[in-house]
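Here the structure comes first, spelled out in structure tokens, and everything after it is commentary.
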Amino acid sequence: MKLFVGGLAWATTAETLKEAFEALQKSEYIRYEDLPLKAKDGRLVEVECVSNVYLVGKEKVIQCNIRDITERKKVQVELLKNQALLRELSTRDYLTGLFNRRYMEETLDREILRSARNGLSLGVIMLDVDDFKGFNDVHGHAAGDAILRGVGSLLLSHVRREDIPCRYGGDEFVIVLPDASQTVTFERAAFICENARQFHFTI
């Protein structure tokens with residue numbers, strides 16, 4: 001069954017119409033959002049539909065107001081995408097792709113409380129690049145940035161999915177390991193150091 005309103009067709013069912021009329025009888029007001037109505041040219045149009053009941057003399061009349069909200073929905077979707085992007089940018093270190101210090105501090109506070117509450121262990125690894133200042137002084141900051149990006153890639157590829165690798169600042173990095181015992185944390189640190197020794201960089 002289709003309900004035609006102002007050149008738009010709303011694909012519906014007898015049950016849907018019955019529910020709508022029952023709701024109008026009870027509250028004399030109903031509102032639908034995000035209704036996909038089909039225009040004559042086949043386009044799907046997002047609309048907002050508001051129906052109410054009022055008296056004309058002794059007769060009850062149903063008034064239905066339809067508003068095209070297609071553009072508004074597009075703007076809302078773009079806004080949500082931009083908010084997600086801003087959130088991502090605000091929590092990531094632009095150079096390494098790791099989480100930044102602010103996110104690390106927020107996460108560490110939360111994980112400490114969660115671990116204490118649930119009686120779980122929590123591992124934290126802090127590491128830096130040996131002789132990084134000397135390397136920067138000799139070869140320049142562009143080469144130093146390349147080293148930091150390489151460390152970022154190394155950490156991202158050698159942590160568990162639930163771990164939180166972060167750039168703490170400069171050449172210092174922190175990895176938060178939820179539910180990791182001291183033994184697991186030590187083994188993970190040793191594994192990362194071993195892989196770092198095999199990291200080759202050509203200037």
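Going through the structure tokens in order, the chains are called A, B, and so on, while each chain numbers its residues from 1 and the ligands are numbered from 1 in the order shown.
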
Where does stretch 56-137 of chain A meet stretch 144-165 of chain A within 7 Å, residue by residue, with the nearest atom pair and distance in Å to one decimal for each, counting only C-alpha atoms, listed by chain and rising number, as JSON lines?
```
{"residue": "A:Leu95", "atom": "CA", "partner": "A:Arg149", "partner_atom": "CA", "distance": 6.3}
{"residue": "A:Thr96", "atom": "CA", "partner": "A:Arg149", "partner_atom": "CA", "distance": 4.6}
{"residue": "A:Gly97", "atom": "CA", "partner": "A:Gly152", "partner_atom": "CA", "distance": 6.7}
{"residue": "A:Leu98", "atom": "CA", "partner": "A:Pro165", "partner_atom": "CA", "distance": 6.0}
{"residue": "A:Phe99", "atom": "CA", "partner": "A:Pro165", "partner_atom": "CA", "distance": 6.3}
{"residue": "A:Phe135", "atom": "CA", "partner": "A:Gly144", "partner_atom": "CA", "distance": 7.0}
{"residue": "A:Asn136", "atom": "CA", "partner": "A:Gly144", "partner_atom": "CA", "distance": 5.4}
```

Export of the given selection (C-alpha atoms) as a PDB file, in the first residue's frame:
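Result file follows (result.pdb):
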```pdb
ATOM      1  CA  LEU A  95      54.133  12.790  13.241  1.00  0.00           C
ATOM      2  CA  THR A  96      53.988   9.158  14.378  1.00  0.00           C
ATOM      3  CA  GLY A  97      50.283   8.314  14.160  1.00  0.00           C
ATOM      4  CA  LEU A  98      50.373   7.169  17.800  1.00  0.00           C
ATOM      5  CA  PHE A  99      48.079   8.535  20.493  1.00  0.00           C
ATOM      6  CA  PHE A 135      71.525  12.160  15.975  1.00  0.00           C
ATOM      7  CA  ASN A 136      69.350  15.240  15.522  1.00  0.00           C
TER       8      ASN A 136
END
```

Stretch 109-126 of chain A environment, 12 Å, only C-alpha atoms, sequence neighbours closer than 3 positions dropped, as a ChimeraX atom specification: /A:102-106,129,155,159,162-169,171-193

Export of the given selection (N, CA and C atoms) as an mmCIF file, in the first residue's frame:
```cif
data_model
loop_
_atom_site.group_PDB
_atom_site.id
_atom_site.type_symbol
_atom_site.label_atom_id
_atom_site.label_comp_id
_atom_site.auth_asym_id
_atom_site.auth_seq_id
_atom_site.Cartn_x
_atom_site.Cartn_y
_atom_site.Cartn_z
ATOM 1 N N ARG A 102 48.151 13.783 25.851
ATOM 2 C CA ARG A 102 46.891 14.075 26.537
ATOM 3 C C ARG A 102 45.986 12.848 26.578
ATOM 4 N N TYR A 103 45.874 12.155 25.442
ATOM 5 C CA TYR A 103 45.049 10.956 25.400
ATOM 6 C C TYR A 103 45.629 9.877 26.309
ATOM 7 N N MET A 104 46.968 9.762 26.327
ATOM 8 C CA MET A 104 47.619 8.780 27.180
ATOM 9 C C MET A 104 47.298 9.027 28.650
ATOM 10 N N GLU A 105 47.375 10.292 29.076
ATOM 11 C CA GLU A 105 47.117 10.611 30.479
ATOM 12 C C GLU A 105 45.667 10.315 30.859
ATOM 13 N N GLU A 106 44.727 10.659 29.956
ATOM 14 C CA GLU A 106 43.315 10.361 30.210
ATOM 15 C C GLU A 106 43.090 8.852 30.294
ATOM 16 N N VAL A 129 64.472 6.786 22.418
ATOM 17 C CA VAL A 129 65.449 6.447 21.391
ATOM 18 C C VAL A 129 66.840 6.811 21.900
ATOM 19 N N LEU A 155 56.011 0.416 16.789
ATOM 20 C CA LEU A 155 55.129 0.177 17.936
ATOM 21 C C LEU A 155 53.735 -0.236 17.484
ATOM 22 N N VAL A 159 52.144 -4.271 18.923
ATOM 23 C CA VAL A 159 51.355 -4.213 20.156
ATOM 24 C C VAL A 159 50.061 -4.989 19.946
ATOM 25 N N GLU A 162 44.390 -4.347 22.027
ATOM 26 C CA GLU A 162 43.867 -3.586 23.157
ATOM 27 C C GLU A 162 44.894 -2.640 23.780
ATOM 28 N N ASP A 163 46.159 -2.727 23.357
ATOM 29 C CA ASP A 163 47.196 -1.856 23.912
ATOM 30 C C ASP A 163 47.055 -0.431 23.377
ATOM 31 N N ILE A 164 47.625 0.530 24.103
ATOM 32 C CA ILE A 164 47.517 1.937 23.735
ATOM 33 C C ILE A 164 48.918 2.524 23.584
ATOM 34 N N PRO A 165 49.476 2.536 22.361
ATOM 35 C CA PRO A 165 50.803 3.101 22.135
ATOM 36 C C PRO A 165 50.718 4.617 21.970
ATOM 37 N N CYS A 166 51.568 5.353 22.683
ATOM 38 C CA CYS A 166 51.486 6.813 22.685
ATOM 39 C C CYS A 166 52.870 7.433 22.530
ATOM 40 N N ARG A 167 52.887 8.615 21.953
ATOM 41 C CA ARG A 167 54.112 9.422 21.961
ATOM 42 C C ARG A 167 53.993 10.370 23.150
ATOM 43 N N TYR A 168 54.896 10.216 24.091
ATOM 44 C CA TYR A 168 54.848 11.005 25.323
ATOM 45 C C TYR A 168 55.396 12.410 25.091
ATOM 46 N N GLY A 169 56.388 12.515 24.229
ATOM 47 C CA GLY A 169 56.999 13.807 23.923
ATOM 48 C C GLY A 169 58.422 13.608 23.450
ATOM 49 N N ASP A 171 61.450 12.160 21.986
ATOM 50 C CA ASP A 171 61.726 10.781 21.560
ATOM 51 C C ASP A 171 61.251 9.780 22.605
ATOM 52 N N GLU A 172 60.336 10.191 23.473
ATOM 53 C CA GLU A 172 59.828 9.309 24.533
ATOM 54 C C GLU A 172 58.454 8.755 24.159
ATOM 55 N N PHE A 173 58.275 7.474 24.433
ATOM 56 C CA PHE A 173 57.035 6.783 24.084
ATOM 57 C C PHE A 173 56.528 5.996 25.294
ATOM 58 N N VAL A 174 55.224 5.829 25.353
ATOM 59 C CA VAL A 174 54.599 5.057 26.424
ATOM 60 C C VAL A 174 53.606 4.081 25.799
ATOM 61 N N ILE A 175 53.604 2.859 26.304
ATOM 62 C CA ILE A 175 52.605 1.876 25.888
ATOM 63 C C ILE A 175 51.839 1.441 27.132
ATOM 64 N N VAL A 176 50.523 1.604 27.114
ATOM 65 C CA VAL A 176 49.660 1.146 28.200
ATOM 66 C C VAL A 176 49.095 -0.211 27.793
ATOM 67 N N LEU A 177 49.286 -1.215 28.666
ATOM 68 C CA LEU A 177 48.863 -2.580 28.357
ATOM 69 C C LEU A 177 47.807 -3.042 29.366
ATOM 70 N N PRO A 178 46.530 -2.888 29.043
ATOM 71 C CA PRO A 178 45.473 -3.341 29.954
ATOM 72 C C PRO A 178 45.537 -4.853 30.182
ATOM 73 N N ASP A 179 45.293 -5.248 31.417
ATOM 74 C CA ASP A 179 45.217 -6.678 31.788
ATOM 75 C C ASP A 179 46.516 -7.433 31.494
ATOM 76 N N ALA A 180 47.645 -6.744 31.500
ATOM 77 C CA ALA A 180 48.929 -7.401 31.232
ATOM 78 C C ALA A 180 49.698 -7.564 32.538
ATOM 79 N N SER A 181 50.159 -8.771 32.802
ATOM 80 C CA SER A 181 50.938 -9.030 34.010
ATOM 81 C C SER A 181 52.330 -8.433 33.868
ATOM 82 N N GLN A 182 53.100 -8.444 34.965
ATOM 83 C CA GLN A 182 54.468 -7.930 34.929
ATOM 84 C C GLN A 182 55.316 -8.738 33.948
ATOM 85 N N THR A 183 55.120 -10.059 33.945
ATOM 86 C CA THR A 183 55.877 -10.928 33.041
ATOM 87 C C THR A 183 55.570 -10.607 31.586
ATOM 88 N N VAL A 184 54.278 -10.476 31.273
ATOM 89 C CA VAL A 184 53.863 -10.159 29.900
ATOM 90 C C VAL A 184 54.399 -8.803 29.477
ATOM 91 N N THR A 185 54.344 -7.835 30.383
ATOM 92 C CA THR A 185 54.839 -6.485 30.081
ATOM 93 C C THR A 185 56.334 -6.502 29.802
ATOM 94 N N PHE A 186 57.079 -7.227 30.625
ATOM 95 C CA PHE A 186 58.526 -7.330 30.428
ATOM 96 C C PHE A 186 58.854 -8.001 29.099
ATOM 97 N N GLU A 187 58.143 -9.083 28.786
ATOM 98 C CA GLU A 187 58.384 -9.793 27.533
ATOM 99 C C GLU A 187 58.061 -8.909 26.331
ATOM 100 N N ARG A 188 56.990 -8.121 26.440
ATOM 101 C CA ARG A 188 56.616 -7.238 25.339
ATOM 102 C C ARG A 188 57.672 -6.151 25.140
ATOM 103 N N ALA A 189 58.197 -5.611 26.245
ATOM 104 C CA ALA A 189 59.232 -4.582 26.165
ATOM 105 C C ALA A 189 60.496 -5.147 25.515
ATOM 106 N N ALA A 190 60.887 -6.354 25.932
ATOM 107 C CA ALA A 190 62.081 -6.984 25.372
ATOM 108 C C ALA A 190 61.898 -7.265 23.883
ATOM 109 N N PHE A 191 60.706 -7.682 23.506
ATOM 110 C CA PHE A 191 60.408 -7.979 22.104
ATOM 111 C C PHE A 191 60.512 -6.710 21.251
ATOM 112 N N ILE A 192 59.992 -5.597 21.763
ATOM 113 C CA ILE A 192 60.053 -4.324 21.030
ATOM 114 C C ILE A 192 61.498 -3.853 20.895
ATOM 115 N N CYS A 193 62.264 -3.979 21.977
ATOM 116 C CA CYS A 193 63.676 -3.573 21.917
ATOM 117 C C CYS A 193 64.455 -4.402 20.904
#
```

Which of chain A DSSP labels alpha helix (DSSP H), written as JSON, numbers by chain: {"A": [14, 15, 16, 17, 18, 19, 20, 21, 22, 23, 24, 25, 26, 27, 70, 71, 72, 73, 74, 75, 76, 77, 78, 79, 80, 81, 82, 83, 84, 85, 86, 87, 88, 89, 90, 91, 101, 102, 103, 104, 105, 106, 107, 108, 109, 110, 111, 112, 113, 114, 115, 116, 117, 118, 132, 133, 134, 135, 136, 137, 138, 139, 141, 142, 143, 144, 145, 146, 147, 148, 149, 150, 151, 152, 153, 154, 155, 156, 157, 182, 183, 184, 185, 186, 187, 188, 189, 190, 191, 192, 193, 194, 195, 196, 197]}

Backbone DSSP call of strand (DSSP E or B) for chain A, listed as a ChimeraX atom specification: /A:2-5,8-11,29-39,44-56,59-68,92,99,122-128,164-169,172-178

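One finds atom CA of A:Ser90 at 29.6 Å from atom CA of A:Asp137.
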